Amino acid sequence: MASLPPAALQTEPGRTLELLTVPQVMARLQLGRSAVYDLLRTGQLASITLGRARRIPNHALADFIHTRLEQEAAA
């Protein structure tokens, strides 16, 4: 049986919850470090803290993107 990567958790059969690092979110959004931390600080992007490490669930990133798309469409 293959083990999951350390930053992934099994939530439901067949569904994996991936935890992203700030640099991974930076790359996906093509934003700088300060911009990503501003999104985290203002609560626009949800995250969890594990010790001193900040992790962003992949579903939180997807929710953020969908929310921004809806805001842009409504404007």
# chains A, B, ... in the order shown; residues from 1 in each chain; ligands from 1
>>> residues_around(residues="segment 19-23 of chain A", least_positions_apart="5", cutoff="10 Å", atoms="only C-alpha atoms", output="PyMOL selection string")
chain A and resi 6-9+28-33+36-37+40+47-48+53-61
>>> atom_distance(atom1="atom CA of Leu45 of chain A", atom2="atom CA of Phe64 of chain A")
6.0 Å
>>> select_by_dssp(residues="chain A", states="helix (DSSP H, G or I)", output="ChimeraX atom specification")
/A:22-29,33-41,58-74
>>> select_by_dssp(residues="chain A", states="strand (DSSP E or B)", output="PyMOL selection string")
chain A and resi 8-12+15-20+48-50+53-57
>>> write_last_selection(atoms="N, CA, C and O atoms", output="short mmCIF file (atom, residue, chain, number, x, y, z; two decimals), in the first residue's frame")
data_model
loop_
_atom_site.label_atom_id
_atom_site.label_comp_id
_atom_site.auth_asym_id
_atom_site.auth_seq_id
_atom_site.Cartn_x
_atom_site.Cartn_y
_atom_site.Cartn_z
N ALA A 8 -0.24 15.54 2.93
CA ALA A 8 -1.55 15.17 2.42
C ALA A 8 -2.27 14.31 3.44
O ALA A 8 -1.67 13.50 4.11
N LEU A 9 -3.56 14.51 3.56
CA LEU A 9 -4.38 13.76 4.49
C LEU A 9 -5.54 13.14 3.74
O LEU A 9 -6.10 13.75 2.83
N GLN A 10 -5.92 11.93 4.13
CA GLN A 10 -7.06 11.27 3.52
C GLN A 10 -8.31 11.78 4.23
O GLN A 10 -8.44 11.63 5.44
N THR A 11 -9.24 12.40 3.52
CA THR A 11 -10.45 12.93 4.13
C THR A 11 -11.64 12.02 3.89
O THR A 11 -12.44 11.81 4.76
N GLU A 12 -11.77 11.50 2.71
CA GLU A 12 -12.84 10.58 2.34
C GLU A 12 -12.23 9.57 1.40
O GLU A 12 -11.19 9.83 0.81
N ARG A 15 -10.50 10.79 -1.85
CA ARG A 15 -10.30 12.23 -1.83
C ARG A 15 -9.16 12.57 -0.89
O ARG A 15 -9.16 12.15 0.26
N THR A 16 -8.20 13.33 -1.36
CA THR A 16 -7.04 13.70 -0.56
C THR A 16 -7.05 15.19 -0.30
O THR A 16 -7.31 15.99 -1.19
N LEU A 17 -6.78 15.57 0.94
CA LEU A 17 -6.66 16.97 1.32
C LEU A 17 -5.18 17.31 1.32
O LEU A 17 -4.42 16.79 2.13
N GLU A 18 -4.77 18.15 0.40
CA GLU A 18 -3.37 18.54 0.30
C GLU A 18 -3.17 19.85 1.03
O GLU A 18 -3.98 20.77 0.93
N LEU A 19 -2.08 19.94 1.78
CA LEU A 19 -1.71 21.17 2.46
C LEU A 19 -0.57 21.82 1.70
O LEU A 19 0.46 21.20 1.47
N LEU A 20 -0.78 23.05 1.29
CA LEU A 20 0.20 23.78 0.47
C LEU A 20 1.03 24.71 1.33
O LEU A 20 0.54 25.28 2.30
N ILE A 48 -3.91 27.06 8.21
CA ILE A 48 -3.70 26.52 9.55
C ILE A 48 -2.23 26.70 9.88
O ILE A 48 -1.38 26.81 9.00
N THR A 49 -1.95 26.75 11.18
CA THR A 49 -0.57 26.87 11.64
C THR A 49 -0.20 25.58 12.36
O THR A 49 -0.93 25.12 13.24
N LEU A 50 0.90 25.00 11.94
CA LEU A 50 1.43 23.80 12.56
C LEU A 50 2.80 24.16 13.12
O LEU A 50 3.76 24.27 12.36
N ALA A 53 4.97 26.68 11.16
CA ALA A 53 4.71 26.56 9.72
C ALA A 53 3.26 26.91 9.40
O ALA A 53 2.33 26.53 10.10
N ARG A 54 3.07 27.64 8.32
CA ARG A 54 1.74 28.01 7.83
C ARG A 54 1.42 27.10 6.66
O ARG A 54 2.23 26.95 5.74
N ARG A 55 0.25 26.49 6.66
CA ARG A 55 -0.18 25.62 5.57
C ARG A 55 -1.57 26.03 5.11
O ARG A 55 -2.44 26.37 5.92
N ILE A 56 -1.78 25.98 3.79
CA ILE A 56 -3.04 26.38 3.17
C ILE A 56 -3.65 25.13 2.54
O ILE A 56 -3.06 24.53 1.64
N PRO A 57 -4.84 24.73 3.02
CA PRO A 57 -5.50 23.58 2.38
C PRO A 57 -5.83 23.89 0.93
O PRO A 57 -6.22 25.03 0.61
#
>>> closest_residue(among="A:Ala62, A:Thr67, A:Ala73, A:Gly43", to="Val25 of chain A", atoms="only C-alpha atoms")
A:Ala62
